[in-house]
file start-v3.pdb (PDB, C-alpha atoms)
ATOM      1  CA  MET U   1       0.000   0.000   0.000
ATOM      2  CA  VAL U   2       1.175   3.514  -0.742
ATOM      3  CA  PRO U   3       2.086   5.013   2.651
ATOM      4  CA  ALA U   4       0.410   8.065   4.086
ATOM      5  CA  GLY U   5       2.280  11.209   3.205
ATOM      6  CA  THR U   6       3.581  10.928  -0.371
ATOM      7  CA  VAL U   7       3.541  13.179  -3.424
ATOM      8  CA  SER U   8       2.874  12.027  -6.997
ATOM      9  CA  ALA U   9       5.343  12.107  -9.880
ATOM     10  CA  ALA U  10       2.925  14.365 -11.804
ATOM     11  CA  TRP U  11       3.165  17.005  -9.088
ATOM     12  CA  VAL U  12       6.946  16.812  -8.815
ATOM     13  CA  LYS U  13       7.203  17.183 -12.614
ATOM     14  CA  GLY U  14       5.501  20.559 -12.220
ATOM     15  CA  ILE U  15       8.189  21.570  -9.734
ATOM     16  CA  VAL U  16      10.885  20.419 -12.154
ATOM     17  CA  GLU U  17       9.357  22.510 -14.952
ATOM     18  CA  LEU U  18       9.611  25.600 -12.747
ATOM     19  CA  PHE U  19      13.235  24.880 -11.793
ATOM     20  CA  GLN U  20      14.206  24.302 -15.409
ATOM     21  CA  ALA U  21      12.519  27.542 -16.501
ATOM     22  CA  LEU U  22      14.624  29.331 -13.890
ATOM     23  CA  GLU U  23      17.726  27.560 -15.252
ATOM     24  CA  LEU U  24      18.531  25.791 -12.000
ATOM     25  CA  ASN U  25      20.680  22.643 -12.011
ATOM     26  CA  THR U  26      17.693  20.394 -11.336
ATOM     27  CA  PRO U  27      19.500  16.995 -11.426
ATOM     28  CA  ALA U  28      22.019  18.280  -8.878
ATOM     29  CA  LEU U  29      19.214  19.562  -6.630
ATOM     30  CA  PHE U  30      17.543  16.148  -6.782
ATOM     31  CA  ARG U  31      20.761  14.357  -5.852
ATOM     32  CA  LYS U  32      21.379  16.673  -2.891
ATOM     33  CA  ALA U  33      17.780  16.145  -1.726
ATOM     34  CA  GLY U  34      18.229  12.368  -1.857
ATOM     35  CA  LEU U  35      15.785  12.005  -4.754
ATOM     36  CA  ASN U  36      16.207  10.073  -7.986
ATOM     37  CA  ILE U  37      15.106  12.254 -10.891
ATOM     38  CA  GLU U  38      14.791   9.127 -13.077
ATOM     39  CA  ASP U  39      11.823   8.081 -10.931
ATOM     40  CA  LEU U  40       9.816  10.785 -12.703
ATOM     41  CA  ASN U  41       9.716   8.464 -15.709
ATOM     42  CA  ASN U  42       7.470   6.167 -13.660
ATOM     43  CA  SER U  43       3.975   7.677 -13.526
ATOM     44  CA  ASP U  44       3.210   5.645 -10.386
ATOM     45  CA  ALA U  45       6.271   6.907  -8.487
ATOM     46  CA  ARG U  46       5.650   8.664  -5.174
ATOM     47  CA  PHE U  47       7.972  11.014  -3.286
ATOM     48  CA  LEU U  48       8.343  11.569   0.457
ATOM     49  CA  PRO U  49       7.215  15.066   1.529
ATOM     50  CA  GLU U  50      10.277  15.743   3.688
ATOM     51  CA  LYS U  51      12.487  15.189   0.628
ATOM     52  CA  VAL U  52      10.269  17.476  -1.457
ATOM     53  CA  SER U  53      10.720  20.087   1.279
ATOM     54  CA  THR U  54      14.494  19.594   1.129
ATOM     55  CA  LEU U  55      14.321  20.057  -2.642
ATOM     56  CA  TRP U  56      12.550  23.408  -2.199
ATOM     57  CA  ASP U  57      15.055  24.564   0.446
ATOM     58  CA  LEU U  58      17.922  23.724  -1.885
ATOM     59  CA  ALA U  59      16.222  25.573  -4.758
ATOM     60  CA  VAL U  60      15.765  28.689  -2.593
ATOM     61  CA  GLU U  61      19.438  28.523  -1.615
ATOM     62  CA  SER U  62      20.610  27.906  -5.179
ATOM     63  CA  SER U  63      18.476  30.668  -6.704
ATOM     64  CA  GLY U  64      18.846  33.166  -3.882
ATOM     65  CA  ASN U  65      15.112  33.813  -4.268
ATOM     66  CA  PRO U  66      12.908  33.153  -1.189
ATOM     67  CA  ASP U  67       9.838  33.751  -3.398
ATOM     68  CA  ILE U  68      10.824  31.060  -5.910
ATOM     69  CA  GLY U  69       7.487  29.248  -5.514
ATOM     70  CA  LEU U  70       5.798  32.275  -7.114
ATOM     71  CA  ALA U  71       8.573  33.126  -9.569
ATOM     72  CA  ARG U  72       6.725  31.878 -12.652
ATOM     73  CA  PRO U  73       2.999  31.678 -11.866
ATOM     74  CA  ASP U  74       2.297  31.192 -15.573
ATOM     75  CA  LEU U  75       3.970  27.753 -15.371
ATOM     76  CA  ALA U  76       1.696  26.434 -12.636
ATOM     77  CA  HIS U  77      -0.839  24.513 -14.707
ATOM     78  CA  PRO U  78      -3.378  21.655 -14.551
ATOM     79  CA  VAL U  79      -1.005  18.886 -15.691
ATOM     80  CA  SER U  80       0.348  18.805 -12.135
ATOM     81  CA  PHE U  81      -3.032  17.527 -10.952
ATOM     82  CA  ASP U  82      -2.975  14.387 -13.104
ATOM     83  CA  SER U  83      -6.429  12.901 -13.819
ATOM     84  CA  ILE U  84      -8.111  15.144 -11.236
ATOM     85  CA  ALA U  85      -8.056  18.041 -13.708
ATOM     86  CA  TYR U  86     -10.173  16.056 -16.189
ATOM     87  CA  VAL U  87     -12.686  15.177 -13.475
ATOM     88  CA  MET U  88     -12.974  18.827 -12.483
ATOM     89  CA  MET U  89     -13.319  20.307 -15.965
ATOM     90  CA  SER U  90     -16.369  18.152 -16.763
ATOM     91  CA  CYS U  91     -18.247  19.296 -13.622
ATOM     92  CA  PRO U  92     -21.165  21.759 -13.950
ATOM     93  CA  HIS U  93     -19.450  24.524 -11.956
ATOM     94  CA  LEU U  94     -16.212  25.225 -10.102
ATOM     95  CA  LEU U  95     -17.724  24.443  -6.696
ATOM     96  CA  ALA U  96     -18.543  20.905  -7.835
ATOM     97  CA  GLY U  97     -15.087  20.693  -9.373
ATOM     98  CA  LEU U  98     -13.379  21.640  -6.111
ATOM     99  CA  GLU U  99     -15.486  19.088  -4.236
ATOM    100  CA  ARG U 100     -14.248  16.433  -6.675
ATOM    101  CA  PHE U 101     -10.736  17.774  -6.215
ATOM    102  CA  LEU U 102     -10.938  17.121  -2.486
ATOM    103  CA  ARG U 103     -12.368  13.633  -3.055
ATOM    104  CA  TYR U 104      -9.487  12.570  -5.282
ATOM    105  CA  LEU U 105      -6.693  14.653  -3.742
ATOM    106  CA  ARG U 106      -4.763  11.522  -2.744
ATOM    107  CA  ILE U 107      -4.028  10.858  -6.425
ATOM    108  CA  VAL U 108      -1.772  13.916  -6.351
ATOM    109  CA  SER U 109      -0.765  13.918  -2.698
ATOM    110  CA  ASP U 110      -1.763  12.425   0.602
ATOM    111  CA  ALA U 111       0.735  14.771   2.243
ATOM    112  CA  ALA U 112      -1.702  17.670   1.867
ATOM    113  CA  ASN U 113      -4.740  18.572   3.919
ATOM    114  CA  ILE U 114      -7.115  20.780   1.934
ATOM    115  CA  GLU U 115     -10.601  21.756   3.039
ATOM    116  CA  LEU U 116     -13.338  23.894   1.528
ATOM    117  CA  HIS U 117     -15.606  25.855   3.881
ATOM    118  CA  LYS U 118     -18.579  28.072   3.178
ATOM    119  CA  GLU U 119     -18.296  31.573   4.605
ATOM    120  CA  GLN U 120     -20.189  34.836   4.300
ATOM    121  CA  GLY U 121     -20.244  35.840   0.655
ATOM    122  CA  GLY U 122     -18.322  32.824  -0.620
ATOM    123  CA  TYR U 123     -15.954  30.017   0.298
ATOM    124  CA  ARG U 124     -12.501  29.613   1.754
ATOM    125  CA  LEU U 125     -10.029  26.897   0.808
ATOM    126  CA  THR U 126      -7.561  26.061   3.582
ATOM    127  CA  LEU U 127      -4.253  24.316   3.016
ATOM    128  CA  THR U 128      -1.692  22.608   5.233
ATOM    129  CA  LEU U 129       1.142  20.371   4.060
ATOM    130  CA  GLU U 130       2.711  17.418   5.824
ATOM    131  CA  GLY U 131       6.409  17.648   6.533
ATOM    132  CA  ASN U 132       6.973  14.328   8.359
ATOM    133  CA  GLY U 133       8.607  16.160  11.252
ATOM    134  CA  ARG U 134      10.431  18.622   9.000
ATOM    135  CA  PRO U 135       9.389  22.293   8.620
ATOM    136  CA  VAL U 136       7.544  22.935   5.354
ATOM    137  CA  PRO U 137       9.327  25.636   3.311
ATOM    138  CA  ARG U 138       7.328  28.729   2.460
ATOM    139  CA  ALA U 139       8.187  28.285  -1.236
ATOM    140  CA  ARG U 140       6.713  24.778  -1.319
ATOM    141  CA  ILE U 141       3.332  25.767   0.060
ATOM    142  CA  GLU U 142       3.137  28.994  -1.987
ATOM    143  CA  PHE U 143       3.702  26.957  -5.154
ATOM    144  CA  VAL U 144       0.755  24.740  -4.169
ATOM    145  CA  LEU U 145      -1.470  27.792  -3.583
ATOM    146  CA  ILE U 146      -0.733  29.438  -6.920
ATOM    147  CA  THR U 147      -1.069  26.138  -8.787
ATOM    148  CA  ILE U 148      -4.527  25.558  -7.289
ATOM    149  CA  LEU U 149      -5.575  29.101  -8.184
ATOM    150  CA  ASN U 150      -4.282  28.733 -11.739
ATOM    151  CA  LEU U 151      -6.184  25.458 -12.040
ATOM    152  CA  CYS U 152      -9.380  27.341 -11.120
ATOM    153  CA  ARG U 153      -8.563  30.034 -13.690
ATOM    154  CA  TRP U 154      -7.957  27.419 -16.384
ATOM    155  CA  LEU U 155     -11.154  25.512 -15.599
ATOM    156  CA  THR U 156     -13.336  28.614 -15.750
ATOM    157  CA  ALA U 157     -11.463  30.284 -18.635
ATOM    158  CA  ARG U 158     -11.700  33.417 -16.504
ATOM    159  CA  ASN U 159      -9.117  35.486 -14.704
ATOM    160  CA  ILE U 160     -10.476  34.663 -11.263
ATOM    161  CA  GLN U 161      -9.296  37.044  -8.587
ATOM    162  CA  PRO U 162      -9.721  35.708  -5.042
ATOM    163  CA  SER U 163     -11.405  37.865  -2.434
ATOM    164  CA  ALA U 164      -8.178  37.488  -0.439
ATOM    165  CA  VAL U 165      -5.281  35.115   0.217
ATOM    166  CA  ASP U 166      -4.044  34.483   3.771
ATOM    167  CA  PHE U 167      -0.508  33.618   4.897
ATOM    168  CA  PRO U 168       0.403  32.571   8.467
ATOM    169  CA  TYR U 169       3.646  34.564   8.635
ATOM    170  CA  PRO U 170       4.714  38.227   8.570
ATOM    171  CA  SER U 171       4.682  40.143   5.322
ATOM    172  CA  PRO U 172       8.019  40.091   3.471
ATOM    173  CA  ALA U 173       9.662  43.436   2.763
ATOM    174  CA  ASN U 174       8.822  43.094  -0.941
ATOM    175  CA  THR U 175       5.410  41.643  -1.827
ATOM    176  CA  LYS U 176       5.616  42.127  -5.600
ATOM    177  CA  ALA U 177       5.841  38.385  -6.306
ATOM    178  CA  TYR U 178       2.650  37.834  -4.285
ATOM    179  CA  GLU U 179       0.832  40.704  -5.960
ATOM    180  CA  ASP U 180       1.767  39.517  -9.461
ATOM    181  CA  ALA U 181       0.766  35.908  -8.745
ATOM    182  CA  PHE U 182      -2.495  36.299  -6.818
ATOM    183  CA  ARG U 183      -3.721  39.733  -7.998
ATOM    184  CA  CYS U 184      -5.912  40.242  -4.915
ATOM    185  CA  PRO U 185      -5.734  41.524  -1.307
ATOM    186  CA  LEU U 186      -3.002  39.759   0.683
ATOM    187  CA  ARG U 187      -3.344  39.121   4.423
ATOM    188  CA  PHE U 188      -0.276  38.120   6.391
ATOM    189  CA  ASN U 189      -0.015  36.925  10.017
ATOM    190  CA  ALA U 190      -3.214  34.919   9.423
ATOM    191  CA  GLY U 191      -4.090  31.668  11.153
ATOM    192  CA  THR U 192      -3.301  29.436   8.160
ATOM    193  CA  HIS U 193      -2.891  29.446   4.391
ATOM    194  CA  GLN U 194      -6.243  30.196   2.790
ATOM    195  CA  ILE U 195      -7.690  31.317  -0.525
ATOM    196  CA  HIS U 196     -11.049  33.111  -0.289
ATOM    197  CA  PHE U 197     -13.379  32.857  -3.287
ATOM    198  CA  ALA U 198     -16.545  34.802  -4.077
ATOM    199  CA  ALA U 199     -19.626  32.609  -4.348
ATOM    200  CA  ALA U 200     -20.280  33.902  -7.871
ATOM    201  CA  ASP U 201     -16.896  32.600  -9.066
ATOM    202  CA  LEU U 202     -17.496  29.099  -7.714
ATOM    203  CA  ASN U 203     -21.106  28.874  -8.910
ATOM    204  CA  ALA U 204     -20.474  30.055 -12.473
ATOM    205  CA  PRO U 205     -20.913  27.301 -15.124
ATOM    206  CA  LEU U 206     -17.751  25.664 -16.438
ATOM    207  CA  PRO U 207     -17.310  25.946 -20.219
ATOM    208  CA  MET U 208     -16.278  22.276 -20.566
ATOM    209  CA  ALA U 209     -19.054  20.826 -18.399
ATOM    210  CA  ASN U 210     -20.237  17.472 -19.703
ATOM    211  CA  ALA U 211     -22.385  15.082 -17.651
ATOM    212  CA  GLU U 212     -21.445  11.967 -19.650
ATOM    213  CA  LEU U 213     -17.750  12.762 -19.534
ATOM    214  CA  ALA U 214     -18.049  13.564 -15.832
ATOM    215  CA  ALA U 215     -19.389  10.078 -15.094
ATOM    216  CA  MET U 216     -16.636   8.419 -17.113
ATOM    217  CA  VAL U 217     -13.675  10.339 -15.694
ATOM    218  CA  ASP U 218     -15.154  10.096 -12.193
ATOM    219  CA  ARG U 219     -15.054   6.325 -12.538
ATOM    220  CA  MET U 220     -11.496   6.458 -13.903
ATOM    221  CA  ALA U 221     -10.336   8.604 -10.984
ATOM    222  CA  GLY U 222     -11.909   6.152  -8.548
ATOM    223  CA  GLU U 223     -10.028   3.298 -10.219
ATOM    224  CA  HIS U 224      -6.832   5.364 -10.016
ATOM    225  CA  LEU U 225      -7.273   5.636  -6.249
ATOM    226  CA  GLN U 226      -7.739   1.873  -6.006
ATOM    227  CA  ARG U 227      -4.565   1.276  -8.015
ATOM    228  CA  LEU U 228      -2.604   3.450  -5.623
ATOM    229  CA  ALA U 229      -3.341   0.935  -2.898
ATOM    230  CA  THR U 230      -1.714  -1.894  -4.851
ATOM    231  CA  THR U 231       0.975  -0.397  -7.097
ATOM    232  CA  GLY U 232       3.571   0.385  -4.431
ATOM    233  CA  ILE U 233       6.646  -1.820  -4.449
ATOM    234  CA  SER U 234       5.961  -2.818  -0.835
ATOM    235  CA  HIS U 235       2.737  -4.485  -1.968
ATOM    236  CA  LYS U 236       4.637  -6.539  -4.555
ATOM    237  CA  VAL U 237       7.339  -7.452  -2.041
ATOM    238  CA  ARG U 238       4.692  -8.556   0.459
ATOM    239  CA  GLU U 239       3.161 -10.876  -2.153
ATOM    240  CA  LEU U 240       6.553 -12.502  -2.787
ATOM    241  CA  ILE U 241       7.181 -12.849   0.956
ATOM    242  CA  ILE U 242       3.904 -14.723   1.409
ATOM    243  CA  ARG U 243       4.833 -17.204  -1.337
ATOM    244  CA  ARG U 244       8.292 -17.860   0.103
ATOM    245  CA  LEU U 245       7.569 -18.073   3.825
ATOM    246  CA  PRO U 246       6.935 -21.851   3.927
ATOM    247  CA  GLY U 247      10.487 -22.276   2.656
ATOM    248  CA  GLY U 248      11.959 -20.357   5.599
ATOM    249  CA  ASP U 249      13.180 -16.801   6.075
ATOM    250  CA  PRO U 250      12.771 -14.873   2.777
ATOM    251  CA  LEU U 251      16.043 -13.325   1.651
ATOM    252  CA  ARG U 252      16.127  -9.766   0.378
ATOM    253  CA  ALA U 253      18.695 -10.684  -2.264
ATOM    254  CA  ASP U 254      16.421 -13.407  -3.671
ATOM    255  CA  LEU U 255      13.398 -11.102  -3.868
ATOM    256  CA  ALA U 256      15.433  -8.281  -5.404
ATOM    257  CA  LYS U 257      16.664 -10.668  -8.096
ATOM    258  CA  LYS U 258      13.107 -11.880  -8.730
ATOM    259  CA  MET U 259      12.036  -8.239  -9.237
ATOM    260  CA  CYS U 260      15.043  -7.495 -11.479
ATOM    261  CA  LEU U 261      16.352  -4.949  -8.976
ATOM    262  CA  SER U 262      19.594  -4.587  -7.049
ATOM    263  CA  GLU U 263      19.342  -5.008  -3.289
ATOM    264  CA  ARG U 264      20.301  -1.370  -2.865
ATOM    265  CA  THR U 265      17.549  -0.174  -5.217
ATOM    266  CA  LEU U 266      14.968  -2.386  -3.498
ATOM    267  CA  GLN U 267      16.029  -1.055  -0.109
ATOM    268  CA  ARG U 268      15.859   2.562  -1.317
ATOM    269  CA  ARG U 269      12.416   2.191  -2.876
ATOM    270  CA  LEU U 270      11.006   0.504   0.224
ATOM    271  CA  HIS U 271      12.450   3.332   2.321
ATOM    272  CA  GLU U 272      10.722   5.855   0.054
ATOM    273  CA  GLU U 273       7.437   4.088   0.863
ATOM    274  CA  GLY U 274       8.172   4.361   4.577
ATOM    275  CA  THR U 275       9.108   0.745   5.296
ATOM    276  CA  SER U 276      11.952  -1.800   5.062
ATOM    277  CA  PHE U 277      12.325  -5.414   3.994
ATOM    278  CA  ASN U 278      12.595  -6.691   7.571
ATOM    279  CA  GLU U 279       9.548  -4.702   8.661
ATOM    280  CA  LEU U 280       7.530  -6.153   5.774
ATOM    281  CA  VAL U 281       8.562  -9.720   6.636
ATOM    282  CA  ASP U 282       7.617  -9.246  10.278
ATOM    283  CA  ASP U 283       4.332  -7.474   9.529
ATOM    284  CA  THR U 284       3.357 -10.093   6.938
ATOM    285  CA  ARG U 285       4.074 -12.913   9.397
ATOM    286  CA  CYS U 286       2.014 -11.179  12.068
ATOM    287  CA  LYS U 287      -1.010 -10.746   9.794
ATOM    288  CA  LEU U 288      -0.787 -14.338   8.551
ATOM    289  CA  ALA U 289      -0.417 -15.621  12.129
ATOM    290  CA  GLU U 290      -3.704 -13.920  13.035
ATOM    291  CA  GLN U 291      -5.406 -15.803  10.183
ATOM    292  CA  TYR U 292      -3.733 -19.184  10.698
ATOM    293  CA  LEU U 293      -4.319 -19.286  14.465
ATOM    294  CA  ARG U 294      -8.044 -18.935  13.840
ATOM    295  CA  LYS U 295      -7.973 -22.191  11.847
ATOM    296  CA  SER U 296      -8.417 -24.997  14.367
ATOM    297  CA  ASP U 297      -7.434 -27.616  11.783
ATOM    298  CA  LEU U 298      -3.843 -26.298  11.735
ATOM    299  CA  THR U 299      -1.521 -27.427  14.527
ATOM    300  CA  LEU U 300       0.818 -24.852  16.072
ATOM    301  CA  ALA U 301       3.738 -26.684  14.456
ATOM    302  CA  GLN U 302       2.072 -26.322  11.042
ATOM    303  CA  VAL U 303       1.441 -22.615  11.624
ATOM    304  CA  ALA U 304       5.104 -22.114  12.566
ATOM    305  CA  TYR U 305       6.137 -23.902   9.348
ATOM    306  CA  LEU U 306       3.781 -21.852   7.145
ATOM    307  CA  LEU U 307       5.216 -18.674   8.656
ATOM    308  CA  GLY U 308       8.758 -19.768   7.861
ATOM    309  CA  PHE U 309      10.019 -20.152  11.428
ATOM    310  CA  ALA U 310      12.846 -22.646  11.963
ATOM    311  CA  ASP U 311      11.311 -23.935  15.199
ATOM    312  CA  GLN U 312       8.301 -23.441  17.454
ATOM    313  CA  SER U 313      10.295 -21.567  20.104
ATOM    314  CA  THR U 314      11.024 -18.762  17.632
ATOM    315  CA  PHE U 315       7.338 -18.678  16.685
ATOM    316  CA  TYR U 316       6.445 -18.570  20.411
ATOM    317  CA  ARG U 317       8.689 -15.536  21.002
ATOM    318  CA  ALA U 318       7.270 -13.747  17.936
ATOM    319  CA  CYS U 319       3.693 -14.233  19.184
ATOM    320  CA  LYS U 320       4.634 -12.853  22.598
ATOM    321  CA  ARG U 321       5.974  -9.770  20.807
ATOM    322  CA  TRP U 322       2.994  -9.408  18.428
ATOM    323  CA  PHE U 323       0.082 -10.329  20.678
ATOM    324  CA  ASN U 324       1.589 -10.182  24.172
ATOM    325  CA  THR U 325       0.557 -13.808  24.662
ATOM    326  CA  THR U 326       1.485 -17.336  23.522
ATOM    327  CA  PRO U 327       0.200 -18.897  20.273
ATOM    328  CA  GLY U 328      -2.022 -21.318  22.193
ATOM    329  CA  GLU U 329      -3.494 -18.600  24.399
ATOM    330  CA  TYR U 330      -4.107 -16.363  21.395
ATOM    331  CA  ARG U 331      -5.905 -19.189  19.573
ATOM    332  CA  SER U 332      -8.058 -19.926  22.628
ATOM    333  CA  ARG U 333      -8.964 -16.280  22.991
ATOM    334  CA  MET U 334      -9.935 -15.977  19.310
ATOM    335  CA  THR U 335     -12.118 -19.104  19.351
ATOM    336  CA  HIS U 336     -14.073 -17.846  22.380
ATOM    337  CA  GLU U 337     -14.787 -14.365  20.981
TER     338      GLU U 337
END
call {"tool": "encode", "arguments": {"input": "start-v3.pdb", "output": "structure tokens"}}
result
Amino acid sequence: MVPAGTVSAAWVKGIVELFQALELNTPALFRKAGLNIEDLNNSDARFLPEKVSTLWDLAVESSGNPDIGLARPDLAHPVSFDSIAYVMMSCPHLLAGLERFLRYLRIVSDAANIELHKEQGGYRLTLTLEGNGRPVPRARIEFVLITILNLCRWLTARNIQPSAVDFPYPSPANTKAYEDAFRCPLRFNAGTHQIHFAAADLNAPLPMANAELAAMVDRMAGEHLQRLATTGISHKVRELIIRRLPGGDPLRADLAKKMCLSERTLQRRLHEEGTSFNELVDDTRCKLAEQYLRKSDLTLAQVAYLLGFADQSTFYRACKRWFNTTPGEYRSRMTHE
């Protein structure tokens, strides 16, 4: 399963386009951030938010521009939103499109928390980004804000001007980059990042609205979400672990070879999904133990064999760690529930 807190390749490609337009050494920035730029060739690739934050910090340092997230607002476009943009453009109005956007946000990022609230005279869209314990750079979140606004402008084919945009930090000495990008009142020292929209802007019909297309792309986006749950490399590794457990401890080298990967690459990609080979083996054994111990026709020795343990004493110690009880006691408890 794709772990909580990752960013899609489509979104990171939008960041790369900005960096390239500003003539930054993008491959070098990726290497310093611990990211593999070649992963962008895989449409299912996901990136850890703390590394995306590092990438933005390095770009600010390299460019000398703290407002780099707003440096080229004309480049922030719908492609960054993957299939969500097609779902939104077929909706009857922008409000419905933004509601769909929130429903399918995980396609682009599950490291973002975006909410839409009704307020007097319109709506406000609030945004927070996950940093996985690392501060989120101002440039990273400002790039998200302007990209969302430009998506709304593209969908409506109108130069939407928000009622206001809020920022939870003091105003910089020079606000020209903000004024050029958002073209509306700016409010600093606010509680959070927010874009305020007039009700008329969100309720206006979308020029590409199409009920039949909406149903089709809605279904496709739903399928995309389902694929995200099963396309991560950890899911594939778990499947191989299950097949090999009866033969004993699965070896990382064997599974890497089966997947046509080096051990180092397998280890790196599992780390990017927030796990490790040993953690997957242990977690898989634990989940299978829960299932097998509910089957009264399997002896404890058979369960230990199916889980790949060399002897029952090792299985006993694992159950004490997983369930805080012995295999026999766990089975008895489950059968009496």
call {"tool": "residues_around", "arguments": {"input": "start-v3.pdb", "residues": "Arg244 of chain U", "least_positions_apart": "4", "cutoff": "12 Å", "atoms": "all atoms listed in the file", "output": "PDB file with C-alpha atoms, keeping the file's coordinate frame"}}
result
ATOM      1  CA  VAL U 237       7.339  -7.452  -2.041  1.00  0.00           C
ATOM      2  CA  ARG U 238       4.692  -8.556   0.459  1.00  0.00           C
ATOM      3  CA  GLU U 239       3.161 -10.876  -2.153  1.00  0.00           C
ATOM      4  CA  LEU U 240       6.553 -12.502  -2.787  1.00  0.00           C
ATOM      5  CA  GLY U 248      11.959 -20.357   5.599  1.00  0.00           C
ATOM      6  CA  ASP U 249      13.180 -16.801   6.075  1.00  0.00           C
ATOM      7  CA  PRO U 250      12.771 -14.873   2.777  1.00  0.00           C
ATOM      8  CA  LEU U 251      16.043 -13.325   1.651  1.00  0.00           C
ATOM      9  CA  ARG U 252      16.127  -9.766   0.378  1.00  0.00           C
ATOM     10  CA  ASP U 254      16.421 -13.407  -3.671  1.00  0.00           C
ATOM     11  CA  LEU U 255      13.398 -11.102  -3.868  1.00  0.00           C
ATOM     12  CA  LYS U 258      13.107 -11.880  -8.730  1.00  0.00           C
ATOM     13  CA  VAL U 281       8.562  -9.720   6.636  1.00  0.00           C
ATOM     14  CA  THR U 284       3.357 -10.093   6.938  1.00  0.00           C
ATOM     15  CA  ARG U 285       4.074 -12.913   9.397  1.00  0.00           C
ATOM     16  CA  TYR U 305       6.137 -23.902   9.348  1.00  0.00           C
ATOM     17  CA  LEU U 306       3.781 -21.852   7.145  1.00  0.00           C
ATOM     18  CA  LEU U 307       5.216 -18.674   8.656  1.00  0.00           C
ATOM     19  CA  GLY U 308       8.758 -19.768   7.861  1.00  0.00           C
ATOM     20  CA  PHE U 309      10.019 -20.152  11.428  1.00  0.00           C
TER      21      PHE U 309
END
call {"tool": "residues_around", "arguments": {"input": "start-v3.pdb", "residues": "Ala256 of chain U", "least_positions_apart": "5", "cutoff": "10 Å", "atoms": "only C-alpha atoms", "output": "PDB file with C-alpha atoms, in the frame of the given file"}}
result
ATOM      1  CA  VAL U 237       7.339  -7.452  -2.041  1.00  0.00           C
ATOM      2  CA  LEU U 251      16.043 -13.325   1.651  1.00  0.00           C
ATOM      3  CA  LEU U 261      16.352  -4.949  -8.976  1.00  0.00           C
ATOM      4  CA  SER U 262      19.594  -4.587  -7.049  1.00  0.00           C
ATOM      5  CA  GLU U 263      19.342  -5.008  -3.289  1.00  0.00           C
ATOM      6  CA  ARG U 264      20.301  -1.370  -2.865  1.00  0.00           C
ATOM      7  CA  THR U 265      17.549  -0.174  -5.217  1.00  0.00           C
ATOM      8  CA  LEU U 266      14.968  -2.386  -3.498  1.00  0.00           C
ATOM      9  CA  GLN U 267      16.029  -1.055  -0.109  1.00  0.00           C
TER      10      GLN U 267
END
call {"tool": "resolve_selection", "arguments": {"input": "start-v3.pdb", "expression": "the PyMOL selection byres ((chain U and resi 25-32) around 12)", "output": "PyMOL selection string"}}
result
chain U and resi 12-13+15-24+33-40+47+51-63
call {"tool": "closest_residue", "arguments": {"input": "start-v3.pdb", "among": "U:Leu48, U:Ala304, U:Ala9, U:Ala199", "to": "Gly133 of chain U", "atoms": "only C-alpha atoms"}}
result
U:Leu48
call {"tool": "closest_residue", "arguments": {"input": "start-v3.pdb", "among": "U:Leu225, U:Ile195, U:Ala181, U:Ala10", "to": "Arg106 of chain U", "atoms": "all atoms listed in the file"}}
result
U:Leu225
call {"tool": "axis_aligned_box", "arguments": {"input": "start-v3.pdb", "around": "segment 232-250 of chain U", "padding_each_side": "8 Å", "output": "lines of an AutoDock Vina configuration file"}}
result
center_x = 8.0
center_y = -10.9
center_z = 0.8
size_x = 26.4
size_y = 38.7
size_z = 26.6
call {"tool": "residues_near_point", "arguments": {"input": "start-v3.pdb", "point": "(-6.1, 22.2, -14.8)", "cutoff": "6 Å", "atoms": "all atoms listed in the file", "output": "list of chain:residue names"}}
result
U:His77, U:Pro78, U:Ala85, U:Leu151, U:Trp154
call {"tool": "closest_residue", "arguments": {"input": "start-v3.pdb", "among": "U:Arg331, U:Arg269, U:Arg187, U:Lys320", "to": "Gln291 of chain U", "atoms": "only C-alpha atoms"}}
result
U:Arg331
call {"tool": "resolve_selection", "arguments": {"input": "start-v3.pdb", "expression": "the PyMOL selection byres ((chain U and resi 129) around 6)", "output": "ChimeraX atom specification"}}
result
/U:111-112,128,130
call {"tool": "residues_around", "arguments": {"input": "start-v3.pdb", "residues": "Leu70 of chain U", "least_positions_apart": "5", "cutoff": "12 Å", "atoms": "all atoms listed in the file", "output": "list in words"}}
result
Ile15, Leu18, Phe19, Leu22, Val60, Asn65, Leu75, Ala76, Arg138, Ala139, Arg140, Ile141, Glu142, Phe143, Val144, Leu145, Ile146, Thr147, Leu149, Asn150, Thr175, Lys176, Ala177, Tyr178, Glu179, Asp180, Ala181 and Phe182 of chain U
call {"tool": "write_last_selection", "arguments": {"input": "start-v3.pdb", "atoms": "C-alpha atoms", "output": "compact mmCIF listing (two decimals), in the coordinates of the input"}}
result
# COMPACT_ATOMS: atom_id res chain seq x y z
CA ILE U 15 8.19 21.57 -9.73
CA LEU U 18 9.61 25.60 -12.75
CA PHE U 19 13.24 24.88 -11.79
CA LEU U 22 14.62 29.33 -13.89
CA VAL U 60 15.76 28.69 -2.59
CA ASN U 65 15.11 33.81 -4.27
CA LEU U 75 3.97 27.75 -15.37
CA ALA U 76 1.70 26.43 -12.64
CA ARG U 138 7.33 28.73 2.46
CA ALA U 139 8.19 28.28 -1.24
CA ARG U 140 6.71 24.78 -1.32
CA ILE U 141 3.33 25.77 0.06
CA GLU U 142 3.14 28.99 -1.99
CA PHE U 143 3.70 26.96 -5.15
CA VAL U 144 0.76 24.74 -4.17
CA LEU U 145 -1.47 27.79 -3.58
CA ILE U 146 -0.73 29.44 -6.92
CA THR U 147 -1.07 26.14 -8.79
CA LEU U 149 -5.58 29.10 -8.18
CA ASN U 150 -4.28 28.73 -11.74
CA THR U 175 5.41 41.64 -1.83
CA LYS U 176 5.62 42.13 -5.60
CA ALA U 177 5.84 38.38 -6.31
CA TYR U 178 2.65 37.83 -4.28
CA GLU U 179 0.83 40.70 -5.96
CA ASP U 180 1.77 39.52 -9.46
CA ALA U 181 0.77 35.91 -8.74
CA PHE U 182 -2.50 36.30 -6.82
